[in-house]
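File shown: work-v1.cif (mmCIF, C-alpha atoms).
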```cif
data_my_file
#
loop_
_atom_site.label_atom_id
_atom_site.label_comp_id
_atom_site.auth_asym_id
_atom_site.auth_seq_id
_atom_site.Cartn_x
_atom_site.Cartn_y
_atom_site.Cartn_z
CA MET A 1082 43.24 -32.67 2.22
CA THR A 1083 41.23 -29.63 1.15
CA VAL A 1084 41.80 -26.66 3.47
CA ALA A 1085 38.60 -24.76 4.19
CA ALA A 1086 38.65 -21.06 3.47
CA PRO A 1087 38.46 -18.89 6.59
CA HIS A 1088 35.07 -17.61 7.66
CA GLN A 1089 34.83 -14.01 6.44
CA VAL A 1090 33.91 -11.53 9.18
CA VAL A 1091 33.35 -7.85 8.38
CA VAL A 1092 33.08 -5.39 11.27
CA LEU A 1093 31.28 -2.16 10.41
CA ALA A 1094 32.34 1.03 12.20
CA ILE A 1095 30.03 4.05 12.10
CA ALA A 1096 31.38 7.29 13.56
CA PRO A 1097 31.82 7.93 16.37
CA VAL A 1098 32.36 4.22 16.93
CA VAL A 1099 32.75 2.66 20.38
CA ALA A 1100 36.40 1.61 20.44
CA PHE A 1101 35.91 -1.24 22.92
CA ASP A 1102 33.27 -2.87 20.73
CA LEU A 1103 35.42 -2.45 17.63
CA SER A 1104 38.38 -4.27 19.19
CA ILE A 1105 36.53 -7.32 20.51
CA PRO A 1106 35.73 -9.33 17.33
CA ALA A 1107 39.31 -9.33 16.07
CA GLN A 1108 40.67 -10.10 19.53
CA MET A 1109 38.31 -13.01 20.19
CA LEU A 1110 37.75 -14.52 16.75
CA ALA A 1111 41.33 -14.22 15.54
CA THR A 1112 42.40 -16.47 18.43
CA VAL A 1113 40.81 -19.45 16.66
CA THR A 1114 43.18 -21.00 14.14
CA ALA A 1115 42.64 -23.85 11.70
CA ARG A 1116 44.79 -26.93 12.26
CA ALA A 1117 46.37 -26.45 8.85
CA GLY A 1118 47.83 -23.18 10.10
CA GLY A 1119 45.51 -20.58 8.60
CA ALA A 1120 42.97 -18.46 10.40
CA ALA A 1121 39.55 -19.94 11.09
CA TYR A 1122 38.16 -16.40 10.86
CA HIS A 1123 39.35 -13.56 8.64
CA VAL A 1124 38.29 -10.34 10.40
CA ARG A 1125 38.29 -6.99 8.62
CA THR A 1126 37.07 -3.58 9.76
CA VAL A 1127 35.24 -1.33 7.32
CA THR A 1128 33.68 2.12 7.31
CA PRO A 1129 30.95 3.36 4.95
CA ASP A 1130 33.39 4.98 2.48
CA GLY A 1131 36.66 3.35 3.56
CA SER A 1132 37.90 6.52 5.28
CA PRO A 1133 39.26 6.68 8.86
CA VAL A 1134 36.61 7.38 11.50
CA PRO A 1135 36.81 8.90 14.98
CA THR A 1136 35.99 6.76 17.97
CA ALA A 1137 33.89 7.91 20.89
CA ASN A 1138 37.03 7.50 22.98
CA GLY A 1139 39.24 10.24 21.58
CA TYR A 1140 41.23 8.68 18.75
CA GLY A 1141 40.73 7.60 15.15
CA VAL A 1142 40.62 4.22 13.42
CA THR A 1143 41.86 3.33 9.94
CA PRO A 1144 39.67 0.67 8.27
CA GLN A 1145 40.59 -2.04 5.78
CA GLY A 1146 37.85 -1.29 3.29
CA ASP A 1147 34.39 0.08 2.62
CA LEU A 1148 30.83 -1.25 2.34
CA SER A 1149 31.70 -3.32 -0.75
CA LEU A 1150 33.35 -5.92 1.53
CA LEU A 1151 29.96 -6.74 3.02
CA GLU A 1152 29.11 -8.50 -0.25
CA HIS A 1153 31.58 -11.28 0.59
CA ALA A 1154 30.93 -11.54 4.34
CA ASP A 1155 29.82 -14.73 6.09
CA THR A 1156 29.23 -12.74 9.29
CA VAL A 1157 28.65 -8.99 9.59
CA ILE A 1158 29.27 -7.39 13.00
CA VAL A 1159 28.13 -3.82 13.66
CA ALA A 1160 30.07 -2.17 16.47
CA GLY A 1161 28.39 0.23 18.88
CA THR A 1162 28.11 3.86 17.84
CA ARG A 1163 27.38 7.19 19.47
CA SER A 1164 25.93 8.71 16.28
CA PRO A 1165 23.25 11.28 17.23
CA ASP A 1166 21.38 10.57 13.98
CA LEU A 1167 20.94 6.95 15.03
CA LEU A 1168 20.55 7.24 18.80
CA ASP A 1169 18.28 10.29 18.79
CA ASP A 1170 16.37 9.95 15.52
CA GLY A 1171 16.87 6.37 14.31
CA VAL A 1172 18.15 7.65 10.96
CA LEU A 1173 20.67 5.62 8.94
CA ASP A 1174 22.42 6.55 5.69
CA PRO A 1175 20.42 4.78 2.92
CA ARG A 1176 23.64 3.41 1.38
CA ILE A 1177 24.52 1.64 4.64
CA ALA A 1178 20.98 0.32 5.06
CA ALA A 1179 20.95 -1.08 1.52
CA ALA A 1180 24.36 -2.74 1.96
CA LEU A 1181 23.26 -4.38 5.22
CA ARG A 1182 20.02 -5.65 3.73
CA ALA A 1183 21.91 -7.12 0.79
CA ALA A 1184 24.43 -8.79 3.10
CA ARG A 1185 21.62 -10.28 5.21
CA ARG A 1186 20.69 -12.57 2.30
CA ARG A 1187 23.81 -14.66 2.89
CA ALA A 1188 25.43 -13.54 6.14
CA ARG A 1189 24.86 -13.92 9.85
CA MET A 1190 24.15 -10.46 11.31
CA VAL A 1191 25.55 -9.39 14.67
CA SER A 1192 25.39 -6.12 16.60
CA LEU A 1193 27.32 -5.09 19.68
CA CYS A 1194 25.83 -2.61 22.15
CA THR A 1195 24.20 0.29 20.25
CA GLY A 1196 25.03 -1.38 16.96
CA SER A 1197 21.47 -2.67 17.36
CA PHE A 1198 20.25 0.82 16.37
CA VAL A 1199 22.01 0.34 13.03
CA LEU A 1200 20.39 -3.04 12.33
CA ALA A 1201 17.00 -1.73 13.45
CA ALA A 1202 17.26 1.39 11.28
CA ALA A 1203 18.12 -0.87 8.33
CA GLY A 1204 14.90 -2.80 8.96
CA LEU A 1205 16.68 -6.02 9.93
CA LEU A 1206 15.26 -6.36 13.45
CA GLU A 1207 11.55 -5.99 12.78
CA GLY A 1208 9.73 -8.96 14.26
CA HIS A 1209 12.93 -10.14 15.94
CA ARG A 1210 13.76 -10.35 19.62
CA ALA A 1211 16.82 -8.19 20.33
CA ALA A 1212 19.06 -6.74 23.02
CA THR A 1213 20.88 -3.45 23.44
CA HIS A 1214 22.58 -1.48 26.20
CA TRP A 1215 20.12 -0.91 29.04
CA ARG A 1216 20.90 2.81 29.07
CA TYR A 1217 19.47 3.22 25.56
CA ALA A 1218 16.52 0.84 25.91
CA ASP A 1219 13.81 3.49 26.29
CA ARG A 1220 14.83 5.45 23.22
CA PHE A 1221 15.30 2.23 21.23
CA THR A 1222 11.73 1.18 22.04
CA ARG A 1223 10.45 4.63 21.09
CA LEU A 1224 12.30 4.64 17.76
CA PHE A 1225 11.73 1.00 16.81
CA PRO A 1226 8.43 -0.23 18.28
CA ALA A 1227 8.28 -3.17 15.83
CA VAL A 1228 11.34 -4.76 17.48
CA ASP A 1229 10.82 -7.06 20.46
CA LEU A 1230 13.45 -5.49 22.72
CA ASP A 1231 14.42 -7.53 25.79
CA THR A 1232 16.25 -5.44 28.38
CA ASN A 1233 17.35 -8.39 30.53
CA PRO A 1234 19.75 -10.57 28.51
CA LEU A 1235 23.44 -10.11 27.87
CA TYR A 1236 22.80 -11.21 24.29
CA VAL A 1237 20.01 -12.57 22.12
CA ALA A 1238 20.24 -14.95 19.15
CA ASP A 1239 17.12 -14.97 17.00
CA ARG A 1240 17.00 -16.60 13.55
CA GLY A 1241 20.44 -15.64 12.34
CA VAL A 1242 20.43 -12.18 13.92
CA LEU A 1243 22.45 -11.78 17.13
CA THR A 1244 22.47 -8.70 19.34
CA SER A 1245 24.30 -7.94 22.58
CA ALA A 1246 23.99 -5.55 25.47
CA GLY A 1247 26.76 -3.09 26.26
CA GLY A 1248 30.36 -3.43 27.36
CA ALA A 1249 31.66 -6.90 28.16
CA ALA A 1250 28.46 -8.53 26.85
CA ALA A 1251 30.09 -8.19 23.42
CA ILE A 1252 32.77 -10.63 24.61
CA ASP A 1253 30.07 -13.07 25.69
CA LEU A 1254 28.38 -12.84 22.29
CA CYS A 1255 31.65 -13.42 20.40
CA LEU A 1256 32.33 -16.49 22.54
CA HIS A 1257 28.80 -17.66 21.75
CA VAL A 1258 29.57 -17.32 18.03
CA ILE A 1259 32.76 -19.37 18.43
CA ARG A 1260 30.90 -21.95 20.51
CA GLU A 1261 28.19 -22.33 17.87
CA ASP A 1262 30.75 -22.58 15.05
CA HIS A 1263 33.43 -24.74 16.68
CA GLY A 1264 32.08 -26.16 19.96
CA SER A 1265 32.48 -25.50 23.66
CA SER A 1266 36.03 -26.78 23.95
CA VAL A 1267 37.42 -24.27 21.44
CA ALA A 1268 35.38 -21.42 22.93
CA ASN A 1269 36.62 -22.28 26.43
CA GLN A 1270 40.24 -22.23 25.25
CA VAL A 1271 39.74 -18.83 23.64
CA ALA A 1272 38.19 -17.54 26.86
CA ARG A 1273 41.08 -18.87 28.89
CA TYR A 1274 43.65 -17.27 26.60
CA ASN A 1275 41.84 -13.93 26.88
CA VAL A 1276 41.38 -14.38 30.65
CA VAL A 1277 37.59 -13.99 30.59
CA ALA A 1278 34.74 -16.12 31.88
CA PRO A 1279 34.21 -19.04 29.46
CA MET A 1280 30.45 -18.62 29.45
CA ARG A 1281 27.90 -16.24 30.84
CA GLU A 1282 24.50 -17.40 29.62
CA GLY A 1283 22.83 -15.00 27.24
CA GLY A 1284 19.84 -14.98 29.57
CA GLN A 1285 21.88 -13.66 32.47
CA ALA A 1286 20.61 -10.23 33.42
CA GLN A 1287 22.49 -7.06 32.51
CA TYR A 1288 23.96 -5.22 35.48
CA ILE A 1289 21.40 -2.47 35.72
CA ASP A 1290 21.51 -0.07 38.63
CA GLN A 1291 18.08 -0.49 40.18
CA PRO A 1292 16.81 -0.34 43.75
CA VAL A 1293 16.40 -3.65 45.56
CA ALA A 1294 13.99 -3.88 48.43
CA GLU A 1295 14.68 -5.50 51.79
CA ASP A 1296 17.66 -7.78 52.45
CA ALA A 1297 19.96 -5.96 49.99
CA GLY A 1298 23.33 -7.65 49.61
CA MET A 1299 21.91 -11.18 49.56
CA SER A 1300 22.63 -13.17 46.40
CA THR A 1301 21.44 -16.37 44.77
CA ALA A 1302 24.92 -17.14 43.45
CA GLY A 1303 25.37 -19.90 46.02
CA ALA A 1304 22.27 -21.65 44.70
CA ARG A 1305 23.60 -21.53 41.15
CA THR A 1306 26.88 -23.07 42.33
CA LEU A 1307 24.93 -25.83 44.07
CA MET A 1308 22.84 -26.46 40.97
CA THR A 1309 25.96 -26.66 38.78
CA GLU A 1310 27.58 -29.16 41.16
CA ARG A 1311 24.45 -31.31 41.37
CA LEU A 1312 23.02 -31.30 37.87
CA ASP A 1313 21.77 -34.88 38.26
CA SER A 1314 19.92 -34.13 41.51
CA ARG A 1315 16.37 -33.02 42.21
CA LEU A 1316 16.63 -29.66 43.94
CA SER A 1317 13.37 -28.03 44.93
CA LEU A 1318 12.77 -24.30 45.25
CA LYS A 1319 12.58 -24.85 48.98
CA ASP A 1320 16.02 -26.51 48.99
CA LEU A 1321 17.58 -23.70 46.94
CA ALA A 1322 15.98 -20.94 48.97
CA ALA A 1323 17.12 -22.55 52.22
CA HIS A 1324 20.67 -22.82 50.84
CA CYS A 1325 20.63 -19.02 50.39
CA HIS A 1326 18.84 -18.41 53.72
CA MET A 1327 15.83 -16.84 51.97
CA SER A 1328 12.14 -17.46 51.76
CA VAL A 1329 10.99 -19.13 48.55
CA ARG A 1330 9.26 -15.93 47.45
CA THR A 1331 12.33 -13.75 48.02
CA PHE A 1332 14.65 -16.31 46.42
CA THR A 1333 12.50 -16.64 43.30
CA ARG A 1334 12.24 -12.88 42.82
CA ARG A 1335 15.92 -12.27 43.44
CA PHE A 1336 17.01 -15.15 41.19
CA ARG A 1337 15.13 -13.65 38.25
CA GLN A 1338 16.55 -10.19 39.02
CA GLU A 1339 20.09 -11.59 38.89
CA THR A 1340 19.78 -13.96 35.94
CA GLY A 1341 16.75 -12.93 33.90
CA LEU A 1342 15.48 -16.54 34.24
CA SER A 1343 13.44 -18.57 36.69
CA PRO A 1344 15.39 -21.16 38.75
CA ALA A 1345 13.84 -23.98 36.69
CA GLU A 1346 14.78 -22.32 33.38
CA TRP A 1347 18.35 -21.69 34.58
CA PHE A 1348 18.73 -25.26 35.87
CA THR A 1349 17.56 -26.72 32.55
CA ALA A 1350 19.93 -24.44 30.60
CA ALA A 1351 22.86 -25.49 32.81
CA ARG A 1352 22.00 -29.16 32.32
CA LEU A 1353 21.74 -28.74 28.57
CA LYS A 1354 25.05 -26.87 28.43
CA HIS A 1355 26.81 -29.76 30.20
CA ALA A 1356 25.07 -32.28 27.95
CA ARG A 1357 26.45 -30.44 24.93
CA HIS A 1358 29.94 -30.59 26.43
CA LEU A 1359 29.64 -34.34 26.96
CA LEU A 1360 28.38 -34.86 23.41
CA GLU A 1361 31.40 -32.98 22.10
CA SER A 1362 34.05 -34.53 24.33
CA THR A 1363 32.95 -38.12 25.09
CA ASP A 1364 31.50 -41.23 23.42
CA LEU A 1365 28.90 -41.72 26.15
CA PRO A 1366 25.51 -42.94 24.90
CA VAL A 1367 22.77 -40.32 24.77
CA ASP A 1368 20.80 -42.01 27.57
CA ASP A 1369 23.85 -41.93 29.86
CA ILE A 1370 24.45 -38.24 29.13
CA ALA A 1371 20.81 -37.46 29.90
CA ALA A 1372 21.07 -39.30 33.21
CA ARG A 1373 24.37 -37.63 34.18
CA THR A 1374 23.02 -34.16 33.47
CA GLY A 1375 19.68 -34.59 35.20
CA LEU A 1376 17.67 -34.47 31.98
CA GLY A 1377 16.28 -37.93 32.72
CA SER A 1378 16.07 -39.83 29.46
CA GLY A 1379 17.50 -39.67 25.98
CA THR A 1380 14.03 -38.79 24.74
CA ASN A 1381 13.92 -35.77 27.04
CA LEU A 1382 17.41 -34.65 25.96
CA ARG A 1383 16.41 -34.97 22.31
CA GLN A 1384 13.32 -32.87 22.92
CA HIS A 1385 15.29 -30.10 24.64
CA MET A 1386 17.91 -30.03 21.88
CA ARG A 1387 15.24 -29.93 19.20
CA ILE A 1388 13.52 -26.97 20.90
CA THR A 1389 16.60 -24.93 21.80
CA LEU A 1390 19.08 -25.85 19.03
CA ASP A 1391 16.88 -27.33 16.29
CA THR A 1392 19.06 -30.43 16.11
CA THR A 1393 19.44 -33.91 17.61
CA PRO A 1394 22.16 -35.17 19.97
CA SER A 1395 23.64 -37.42 17.28
CA ALA A 1396 23.67 -34.64 14.67
CA TYR A 1397 25.19 -32.23 17.19
CA ARG A 1398 27.91 -34.75 18.07
CA ARG A 1399 28.77 -35.36 14.42
CA ALA A 1400 28.92 -31.65 13.65
CA PHE A 1401 31.22 -30.73 16.50
CA ARG A 1402 33.43 -33.80 16.26
CA SER A 1403 34.03 -32.69 12.67
CA ALA A 1404 34.71 -29.10 13.79
CA THR A 1405 37.15 -30.30 16.45
CA ALA A 1406 39.01 -32.34 13.86
CA THR A 1407 39.67 -29.28 11.71
CA THR A 1408 40.00 -26.46 14.23
CA GLU A 1409 42.22 -25.74 17.16
CA HIS A 1410 43.08 -22.82 19.44
CA ARG A 1411 46.48 -21.22 19.07
CA PRO A 1412 47.70 -19.09 22.02
#
```
Output the structure of this file as structure tokens.
Amino acid sequence: MTVAAPHQVVVLAIAPVVAFDLSIPAQMLATVTARAGGAAYHVRTVTPDGSPVPTANGYGVTPQGDLSLLEHADTVIVAGTRSPDLLDDGVLDPRIAAALRAARRRARMVSLCTGSFVLAAAGLLEGHRAATHWRYADRFTRLFPAVDLDTNPLYVADRGVLTSAGGAAAIDLCLHVIREDHGSSVANQVARYNVVAPMREGGQAQYIDQPVAEDAGMSTAGARTLMTERLDSRLSLKDLAAHCHMSVRTFTRRFRQETGLSPAEWFTAARLKHARHLLESTDLPVDDIAARTGLGSGTNLRQHMRITLDTTPSAYRRAFRSATATTEHRP
């Protein structure tokens, strides 16, 4: 049996790099191991010239190479940075910009937190929807008006370019990468090993400190739990609002504040997520999966998967059954 070469991941650190961001890809991706015993991902950290760089957290980091490693990357991840040139002026070293543009021709591009400033300064986010840390959103919009910045999501995936908000959203994005490459089961095992939530939807709102009008302290979390438990049921806005002891108007506004989505959008995403899990883990017919997840018919499930994933249920099942056969999680 031919053993597949590990997926090559190169993490770019630009001084002063955010240490938390820099540690996440290796921690999360290196937990996935091929059944034959080798790593499913080979993660290396690089700096522009291969020299050690200071972090924004008071210590230095020694890399494993320089920009030349980007030429062989399957995925490039740019860690967050506190560089004044980037955050204040949107200026990137031309050598770095050229290396990133060259890598984009063959690699998936990912940024964590303010790493989005690097991709934007390299011209890789123009015309794309993107995310960044909410604290830097205003200056990002000022510096890069051609980028469609969305300040709500934890992460955004748009045509092979993935960007995350700050802090723990980088974990969510790395789990999303694993989920897309190897399926939900593997991603859930990695999450469990690292003792983190297996999935926070990319559309879930960032935790931004903003004033909330009347009835502060009320949450729509109970409605989301009810929706998850009753995916095959018809739950109206009135039902969900009553479950949270709110008016429909208050519930709808608060739900979007907390998730970045409308209740209907969130419910559909939850149903589709469970449908994907059933496609990966069972032999149930497509019509049965659609019925169990509240998506109605196989035709409706196919339509949702075509729109959101650009694939069909049968193609998705074949792809992730194959991935499961060759990949496992090693604690």
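Reported to one decimal place, the separation of CA of Leu1167 in chain A from CA of Val1199 in chain A is 7.0 Å.
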Which neighbours of range 1232-1249 of chain A fall inside 10 Å, counting all atoms listed in the file, when residues of the same chain fewer than 3 positions from it are skipped, and could you give them as a ChimeraX atom specification?
/A:1099,1101-1102,1105,1156-1159,1161,1185,1188-1197,1200,1205-1206,1208-1219,1229,1252-1255,1257-1258,1277,1281-1289,1337-1342
request  = List, as a ChimeraX atom specification, every residue that the PyMOL selection byres ((chain A and resi 1135) around 12) selects in the file provided.
outcome  = /A:1094-1100,1103,1128,1132-1134,1136-1144,1162-1164
Do a neighbour search on Tyr1122 in chain A at 8 Å with all atoms listed in the file, toss out local chain neighbours closer than 5 positions, and write the hits as a ChimeraX atom specification. /A:1087-1090,1110-1111,1113-1114
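CA of Tyr1397 in chain A is found 10.5 Å from CA of Arg1383 in chain A.
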Nearest to Arg1357 in chain A, restricted to all atoms listed in the file and choosing among A:Leu1224, A:Ser1328, A:Pro1394, A:Arg1335, comes out as A:Pro1394
task = Evaluate the PyMOL selection byres ((chain A and resi 1130) around 8) and record the selected residues as number ranges by chain, following the chain and residue labels used in the document.
result = A: 1128-1129, 1131-1132, 1146-1148
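Of note, CA of Ala1302 in chain A and CA of Ala1251 in chain A are spaced 22.5 Å apart.
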Of A:Arg1125, A:Arg1373, A:His1153, A:Arg1305, the one nearest to Glu1346 in chain A when counting only C-alpha atoms is A:Arg1305
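With all atoms listed in the file as the basis for measurement, A:Ser1395 is the residue among A:Thr1301, A:Glu1310, A:Met1109, A:Ser1395 that approaches Gly1379 in chain A most closely.
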Cys1325 in chain A proximity check over A:Val1091, A:Asn1275, A:Leu1150, A:Gly1303, using all atoms listed in the file: winner is A:Gly1303
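Comparing A:Arg1223, A:His1326, A:Arg1398, A:Arg1176 by their smallest distance to Ser1362 in chain A, the closest is A:Arg1398 (using all atoms listed in the file).
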